[in-house]
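These notes concern the structure reproduced below.
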Protein chains: 2
Amino acid sequence: MGHLAQGSPFACDLLLLPLVKVGIVQQSCGLDKQANIQQSLRGIAECARQGADLVVLQELHCGIYFCQAEDPAMFDLAEPIPGPDADVFAEAARRHRVVLVCSLFEKRAPGLYHNTAVVFERDGAMAGKYRKMHIPDDPAYYEKFYFTPGDLGFAPIATSVGKLGVLVCWDQWYPEAARLMALAGAEVLIYPTAIGWESTDPEAEKARQYDAWFTVQRGHAIANGLPVIAVNRVGHEPDWTGVTGGIQFWGQSFVVGPQGEVLYRASADRQEVAVIDIDQRRTEAVRRMWPFLRDRRVDFYHDLVRLFRD
Amino acid sequence: MGHLAQGSPFACDLLLLPLVKVGIVQQSCGLDKQANIQQSLRGIAECARQGADLVVLQELHCGIYFCQAEDPAMFDLAEPIPGPDADVFAEAARRHRVVLVCSLFEKRAPGLYHNTAVVFERDGAMAGKYRKMHIPDDPAYYEKFYFTPGDLGFAPIATSVGKLGVLVCWDQWYPEAARLMALAGAEVLIYPTAIGWESTDPEAEKARQYDAWFTVQRGHAIANGLPVIAVNRVGHEPDWTGVTGGIQFWGQSFVVGPQGEVLYRASADRQEVAVIDIDQRRTEAVRRMWPFLRDRRVDFYHDLVRLFRD
């Protein structure tokens, strides 16, 4: 079997949903938190100047990727939400009249921290937040030390530019997360992220890793008929404990449409600000001809809630 | 977050699982059923000659893709399993000492038909079958007229070359199907398929369709840390009812490894037989460093059994 388009299914002019201009800010971060924040704010301003309705920042953009090592002092970087960091970005959303997705280290209580994406409306009000649900832990990405897995589930955040399926980094490997957002009416999937290469990886392995990351997220776009926005950190950050050669974050933030078609891809080695048009009408058009949601076998999916079927 | 390989995670010499030599037979089909079967048998023999342990045929390889139109006479093509067609392929598996995945139009009862993959062991015994669970229906792929959705669920088939996660065509768009097979211990995902372009599709749309098909299946490989084998029909088949210009099946059968890395891809316009090595040890190695199964949030996946979360 298969599917085909009868002529172009994308000339679907019955629908008048908006174009959305999506701004992305791919940046490098250092130890000076205020410098990182200023860099993000300049990026937001530039996106707004270019007409962005929605701006997406990368994961944990206020600081270095502190999960390279397990260091209790790093909890000092966390703040409550609302709190000083959140307030800065709320004000930026208000000032520039954009919907803003930012990513903060949330202090919920002493000893209880989350990796949290926060969405602000154009008036600076908090539209909602998402606490990273899937938490990785592997050499140089010791996130289970820092972050309690989220307890808010997979719920899109309603905004003036649509329902945003905001997820964070490691979530990007999980088809379940993307699907649950789509089933809840998300109109776009958004992944702030911080991923890179360890310095001793051979080049062929680096290429496989990057390609797998790009491909699995394009797969979520295709399987769900939704655009995907992924904004990644760029640049090298040393391991301050001296154990590894540090991480070269691979940048290459991207935007793809609902067939996984590539609309934008940033460089691997530079800070970048870009504004990309997403045509929300394409989701309706694509899903009419590729009606995957119609045919799901929910009567046989119950074992998806098991860790293993043994 | 992210992940990285500490040196090469693939030099994992504690494990001694086998290499498997996978044969694939990409073919064109016409109205002469016996000619189609003979072509498949030649392909199986050639794969065996090249050392294949496992041979995978394309979807509904005994005939034309009859779902281009709704024609009750086409039910004459169906046979019970076991039955004459199944017996031919059982004998081929036995003669060539290969595990064989074939794809048959199953007559279960008058008025009850399935699109069924059948797996034969090296001795010709039936190892198991899978009835296509997700059934498409869109212009020129009128499968809901012909096939009752499967009732056997998503269960790998145990064979002498491992547990095979056999799915069929439209299933390839569903992350749920791949995941359920992985959770049940499948060691490889296998998709016999028949997919192509309608003649009036513009070239850019054709490119997006093919790339989406290839990408979403590579995504299943990555998300589950499993090799994927997809064997597709090739060549043009006219629409005998004269409604459309027929389907140009796009071939390009492929094998990818557990990071989605491409091991083999056939042409878009020729019949092909090929044998590709799959190193089963790579799944263990990749999953050690990309332990996606470890972190699934099964406590929040229950809504995957709903059609929509409204």
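Residues are named by chain letter and number: chains run A, B, ... in the order of the structure tokens, numbers start at 1 in each chain, and ligands are numbered from 1 in the order shown.
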
Distance-based interface of chain B with chain A, 7 Å, counting only C-alpha atoms, as a VMD selection string: chain B and resid 1 to 8 134 to 135 138 141 153 169 to 170 173 to 175 180 183 to 184 193 to 198 200 to 201 208 212 215 to 216 219 222 to 223 259 to 261 289 295 to 302 304 to 310

Range 7-238 of chain A: residues DSSP assigns to alpha helix (DSSP H), reported as a PyMOL selection string: chain A and resi 33-49+84-96+143-146+175-183+203-224

Would you mind listing what lies within 7 Å of range 71-82 of chain A as a PDB file with all heavy atoms, in the first residue's frame, with only C-alpha atoms counted and same-chain residues fewer than 4 positions away left out?
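Output saved as out15.pdb:
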```pdb
ATOM      1  N   PHE A  66      25.545  22.665  32.507  1.00  0.00           N
ATOM      2  CA  PHE A  66      26.194  22.262  33.762  1.00  0.00           C
ATOM      3  C   PHE A  66      26.088  20.763  34.036  1.00  0.00           C
ATOM      4  O   PHE A  66      26.745  20.259  34.953  1.00  0.00           O
ATOM      5  CB  PHE A  66      25.612  23.065  34.932  1.00  0.00           C
ATOM      6  CG  PHE A  66      24.113  23.006  35.013  1.00  0.00           C
ATOM      7  CD1 PHE A  66      23.473  21.960  35.660  1.00  0.00           C
ATOM      8  CD2 PHE A  66      23.340  23.993  34.414  1.00  0.00           C
ATOM      9  CE1 PHE A  66      22.089  21.900  35.722  1.00  0.00           C
ATOM     10  CE2 PHE A  66      21.944  23.946  34.478  1.00  0.00           C
ATOM     11  CZ  PHE A  66      21.324  22.902  35.126  1.00  0.00           C
ATOM     12  N   ALA A  86      12.740  34.131  34.895  1.00  0.00           N
ATOM     13  CA  ALA A  86      11.462  34.109  34.182  1.00  0.00           C
ATOM     14  C   ALA A  86      10.956  35.529  33.940  1.00  0.00           C
ATOM     15  O   ALA A  86      10.436  35.845  32.860  1.00  0.00           O
ATOM     16  CB  ALA A  86      10.438  33.291  34.966  1.00  0.00           C
ATOM     17  N   ASP A  87      11.136  36.384  34.913  1.00  0.00           N
ATOM     18  CA  ASP A  87      10.631  37.757  34.778  1.00  0.00           C
ATOM     19  C   ASP A  87      11.320  38.505  33.640  1.00  0.00           C
ATOM     20  O   ASP A  87      10.692  39.293  32.925  1.00  0.00           O
ATOM     21  CB  ASP A  87      10.821  38.522  36.091  1.00  0.00           C
ATOM     22  CG  ASP A  87       9.932  37.985  37.212  1.00  0.00           C
ATOM     23  OD1 ASP A  87       9.048  37.144  36.914  1.00  0.00           O
ATOM     24  OD2 ASP A  87      10.142  38.381  38.367  1.00  0.00           O
ATOM     25  N   PHE A 105      16.121  26.446  34.456  1.00  0.00           N
ATOM     26  CA  PHE A 105      16.420  25.487  35.522  1.00  0.00           C
ATOM     27  C   PHE A 105      15.528  25.881  36.694  1.00  0.00           C
ATOM     28  O   PHE A 105      15.777  26.881  37.349  1.00  0.00           O
ATOM     29  CB  PHE A 105      17.908  25.589  35.865  1.00  0.00           C
ATOM     30  CG  PHE A 105      18.422  24.561  36.838  1.00  0.00           C
ATOM     31  CD1 PHE A 105      17.717  23.402  37.155  1.00  0.00           C
ATOM     32  CD2 PHE A 105      19.670  24.754  37.433  1.00  0.00           C
ATOM     33  CE1 PHE A 105      18.226  22.466  38.051  1.00  0.00           C
ATOM     34  CE2 PHE A 105      20.193  23.820  38.329  1.00  0.00           C
ATOM     35  CZ  PHE A 105      19.463  22.686  38.638  1.00  0.00           C
ATOM     36  N   GLU A 106      14.496  25.097  36.928  1.00  0.00           N
ATOM     37  CA  GLU A 106      13.458  25.475  37.895  1.00  0.00           C
ATOM     38  C   GLU A 106      13.748  24.917  39.286  1.00  0.00           C
ATOM     39  O   GLU A 106      13.885  23.700  39.461  1.00  0.00           O
ATOM     40  CB  GLU A 106      12.095  24.956  37.427  1.00  0.00           C
ATOM     41  CG  GLU A 106      10.974  25.292  38.415  1.00  0.00           C
ATOM     42  CD  GLU A 106       9.616  24.700  38.052  1.00  0.00           C
ATOM     43  OE1 GLU A 106       9.550  23.861  37.127  1.00  0.00           O
ATOM     44  OE2 GLU A 106       8.624  25.064  38.712  1.00  0.00           O
ATOM     45  N   LYS A 107      13.777  25.813  40.263  1.00  0.00           N
ATOM     46  CA  LYS A 107      13.825  25.372  41.663  1.00  0.00           C
ATOM     47  C   LYS A 107      12.394  25.362  42.188  1.00  0.00           C
ATOM     48  O   LYS A 107      11.758  26.402  42.343  1.00  0.00           O
ATOM     49  CB  LYS A 107      14.678  26.316  42.509  1.00  0.00           C
ATOM     50  CG  LYS A 107      14.732  25.885  43.963  1.00  0.00           C
ATOM     51  CD  LYS A 107      15.748  26.665  44.776  1.00  0.00           C
ATOM     52  CE  LYS A 107      15.856  26.060  46.172  1.00  0.00           C
ATOM     53  NZ  LYS A 107      17.023  26.620  46.905  1.00  0.00           N
ATOM     54  N   ARG A 108      11.913  24.159  42.457  1.00  0.00           N
ATOM     55  CA  ARG A 108      10.523  24.026  42.926  1.00  0.00           C
ATOM     56  C   ARG A 108      10.486  24.003  44.452  1.00  0.00           C
ATOM     57  O   ARG A 108       9.540  24.496  45.074  1.00  0.00           O
ATOM     58  CB  ARG A 108       9.944  22.745  42.338  1.00  0.00           C
ATOM     59  CG  ARG A 108       8.455  22.589  42.486  1.00  0.00           C
ATOM     60  CD  ARG A 108       8.002  21.365  41.696  1.00  0.00           C
ATOM     61  NE  ARG A 108       6.594  21.101  41.792  1.00  0.00           N
ATOM     62  CZ  ARG A 108       6.014  20.014  41.273  1.00  0.00           C
ATOM     63  NH1 ARG A 108       6.748  19.122  40.611  1.00  0.00           N
ATOM     64  NH2 ARG A 108       4.713  19.823  41.401  1.00  0.00           N
TER      65      ARG A 108
END
```

Near-range 31-38 of chain B list (12 Å; only C-alpha atoms; drop same-chain fewer than 2 positions) as a count of residues only: 39

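Put simply, CA of Glu46 in chain A is 12.8 Å away from CA of Lys21 in chain A.
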
Non-local contacts of Val255 in chain B (8 Å; only C-alpha atoms; under 6 positions in same chain excluded) as a ChimeraX atom specification: /B:227-230,262-265,276

All strand (DSSP E or B) residues (DSSP, backbone) inside range 13-93 of chain B, as a VMD selection string: chain B and resid 19 to 26 54 to 57 79

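In this structure, CA of Val101 in chain A sits 19.1 Å away from CA of Pro18 in chain A.
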
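Going from CA of Glu187 in chain B to CA of Thr283 in chain B covers 8.0 Å.
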
Selection near Gly162 in chain A, 9 Å with only C-alpha atoms, sequence-local residues under 3 positions removed, as a PyMOL selection string: chain A and resi 157-159+186-188

Just write the chosen residues, C-alpha atoms, as an mmCIF file, in the first residue's frame.
```cif
data_model
loop_
_atom_site.group_PDB
_atom_site.id
_atom_site.type_symbol
_atom_site.label_atom_id
_atom_site.label_comp_id
_atom_site.auth_asym_id
_atom_site.auth_seq_id
_atom_site.Cartn_x
_atom_site.Cartn_y
_atom_site.Cartn_z
ATOM 1 C CA ILE A 157 0.308 25.151 25.699
ATOM 2 C CA ALA A 158 -2.392 27.361 24.193
ATOM 3 C CA THR A 159 -1.140 30.686 22.840
ATOM 4 C CA ALA A 186 -0.704 20.503 19.288
ATOM 5 C CA GLU A 187 -0.214 22.457 16.052
ATOM 6 C CA VAL A 188 3.575 22.398 16.165
#
```
